[in-house]
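Everything on this sheet refers to the single structure shown next.
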Amino acid sequence: MKRKIGELIIILLFYLFQVTLGRVISIAGIMPNLLIIIPVIFGYFNGKNEGMFTGFFAGALYDLSASSLFGFSSLVFIYIGYLAGIFYRRYEGTEIIFPLIIVSAGDLIYEFLSYIGNFLLHNRLNIVFFLTRFIIPEMIYTMLAFVILYKPLVWLNSHLNVRDKRRVNKFDERNI
Amino acid sequence: MKKKFSEIFTSKFILILVTGLCVIFIAISFFTNKLVTPLKNVVSAVVVPLQKGMNYMGLWATDGYDRLQEVNRLLDENEKLNEQVDNLTEENNRLKQDTYELDRLRELYELDAKYTEYPKTGARIIGTSSDNWFSTFTIDKGSDDGLETDMNVIAGGGLVGIITEVGKNYSVVKSIIEDGSYVSGQLIDTGDVCTIRGDIELMDQGLIHIQYFKNGITIRNGDKIVTSNISGKYLPGILIGYTKDVTTDANNLTQSGYLVPAVDFGHLQEVLVITKKKENGN
């Protein structure tokens, strides 16, 4: 439970960074998608269920401040968390390349889906423009943000784990 | 029993369950936002104060930095401006006499001032949309401060946009440069009506589309466009921007071109909300 609350606080913090600092750190009007990083990290290090849990809440917050349909980002983020969870414990924690690939692929798919929903269905067929001006720059910027935030997030994640383990140990001792 | 519980709730089962939940959410929010509004209010009660705090912190930091940089420039500018003040004071005196005369004449003809002053309230921008597609932003006043949807938002004398969503302590403003935003405008001098359409593909040039001018009207670069009398939601007479490169369309019936917005959307920090709504007979 403590762990879940910790995760929610991290999500809230990332959301605040996204909506307030996003404008400041944006390059040519493009800001990185910080919230998509969370389900990847937690899914990759703690398994599918954690990935889905964080994905759902990160997506819900993302939806509340974006003007798209409520539930869309949640849906995509849940799948990204699940996808990251498939590779749980298959690779070393120090290996950054693999989660990086998941983040970039996830962001690309997510942005492309929102392009389809918001523009392509409204007869905006200039795919090349949207890809080169919005989707790919955002993907690259998100990858950069991921590289920067990877170490702190891994540290936070292991920190949350330690607390949980301690609690479980105490619990077991009492039972004995 | 416990084992059985965890056997049923495998990751795959949870995935299917939440997928269904999300699809239901999407389906409902497609038709109504009654489900989302209370949720938004709850979240905003927590998030908006934090957002305000972070915003003030950021402003404080950038203000300090800017101040250090700008001192030298300001000293130079101050000298120049002092000269200008002298010139302008003289000119102002002359113009004041003209206004007195105008007022007298207006009273004489019992003419009302063309555009009455609208009641306004100031608000600070505390957040932007979390995605890159839209130019909506959040301001720190909501229904508690008497704001309602469809109220016009201006800044620096020009039209910024319109309120599309109001929470207890926040409102969401949709700007005129956003993709799919339409405003009815008119030429300030002749009153010829046109439509202004936001377009994401023109974002880099800082322009928006201006369409449906009747053919045969002469439009020069830099002509002022204001909101029109026939607009459904926008109050008349608010400056939108200046025309650029208006040419005849291929159909030979209408003219279209670009509009340079009067507001600098890149550096908005505070906006004014006009607390009077357009009465359109509904």
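Labels used: A, B, ... for chains in the order of the structure tokens, numbers from 1 for residues in each chain, and numbers from 1 for ligands as shown.
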What are the closest atom pairs, with distances in Å to one decimal, for all residues of chain A lying within 6 Å of chain B? Consider only C-alpha atoms, order rows by chain and residue number, and present the result as CSV.
residue,atom,partner,partner_atom,distance
A:Val19,CA,B:Gly127,CA,5.1
A:Thr20,CA,B:Gly127,CA,5.1
A:Ile30,CA,B:Asn132,CA,6.0
A:Asn49,CA,B:Ser11,CA,6.0
A:Ser65,CA,B:Ser129,CA,5.5
A:Ala66,CA,B:Ser129,CA,5.1
A:Leu69,CA,B:Ile26,CA,5.9
A:Phe70,CA,B:Ile26,CA,5.6
A:Gly71,CA,B:Cys22,CA,5.1
A:Leu75,CA,B:Cys22,CA,5.8
Please report, as a PyMOL selection string, each residue of segment 63-172 of chain A to which DSSP assigns helix (DSSP H, G or I) when run on this structure's backbone. chain A and resi 63-65+72-86+97-118+120-122+127-172
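Distance check against Ile139 of chain B using only C-alpha atoms: of B:Gln269, B:Gln186, B:Thr254, B:Asn92, the minimum falls on B:Gln269.
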Could you work out how far atom CA of Gly142 of chain B lies from atom CA of Ser171 of chain B, giving the answer in Å with one decimal? 5.2 Å
Calculate how many Å separate atom CA of Leu144 of chain A from atom CA of Glu50 of chain A, rounding to one decimal.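 Answer for the atom CA of Leu144 of chain A to atom CA of Glu50 of chain A separation: 23.7 Å.
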If I take atom CA of Lys168 of chain B and atom CA of Phe14 of chain A, how far is one from the other in Å, to one decimal?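 Answer for the atom CA of Lys168 of chain B to atom CA of Phe14 of chain A separation: 23.2 Å.
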Which residues are near Ile41 of chain A? Cut-off 10 Å, only C-alpha atoms, ignore same chain within fewer than 2 positions. Put them as an MDAnalysis selection string. chainID A and resid 36:39 43:47 50:51 54 81 84:85 99:100 102:103 146 150 153:154 157
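Compared by their closest atoms to Ser74 of chain A, and using only C-alpha atoms, the residues A:Phe42, A:Ser158, A:Leu35, A:Tyr88 rank with A:Leu35 nearest.
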Residue set, segment 45-243 of chain B restricted to strand (DSSP E), as a ChimeraX atom specification: /B:120-128,137-139,152-155,158-166,171-175,182-187,193-197,208-214,224-227,239-243
Would you list the contacts of Leu239 of chain B as a list in words, taking every protein, DNA or RNA residue within 9 Å and counting only C-alpha atoms, but skipping same-chain residues closer than 5 positions in sequence?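 What passes the distance filter is Gly157, Gly158, Leu159, Ile188, Lys224, Ile225, Val226, Thr227, Pro261 and Ala262 of chain B.
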Residues as selected, C-alpha atoms, written as a PDB file, in the first residue's frame, can you do that?
ATOM      1  CA  GLY B 157      -5.700  44.447 -26.288  1.00  0.00           C
ATOM      2  CA  GLY B 158      -6.250  41.441 -28.528  1.00  0.00           C
ATOM      3  CA  LEU B 159      -8.469  38.386 -28.492  1.00  0.00           C
ATOM      4  CA  ILE B 188     -12.734  47.419 -38.735  1.00  0.00           C
ATOM      5  CA  LYS B 224      -7.291  45.523 -38.682  1.00  0.00           C
ATOM      6  CA  ILE B 225      -9.727  42.656 -38.093  1.00  0.00           C
ATOM      7  CA  VAL B 226     -12.085  42.761 -35.111  1.00  0.00           C
ATOM      8  CA  THR B 227     -14.721  40.323 -33.876  1.00  0.00           C
ATOM      9  CA  PRO B 261      -2.767  37.674 -34.282  1.00  0.00           C
ATOM     10  CA  ALA B 262      -2.558  40.793 -32.127  1.00  0.00           C
TER      11      ALA B 262
END
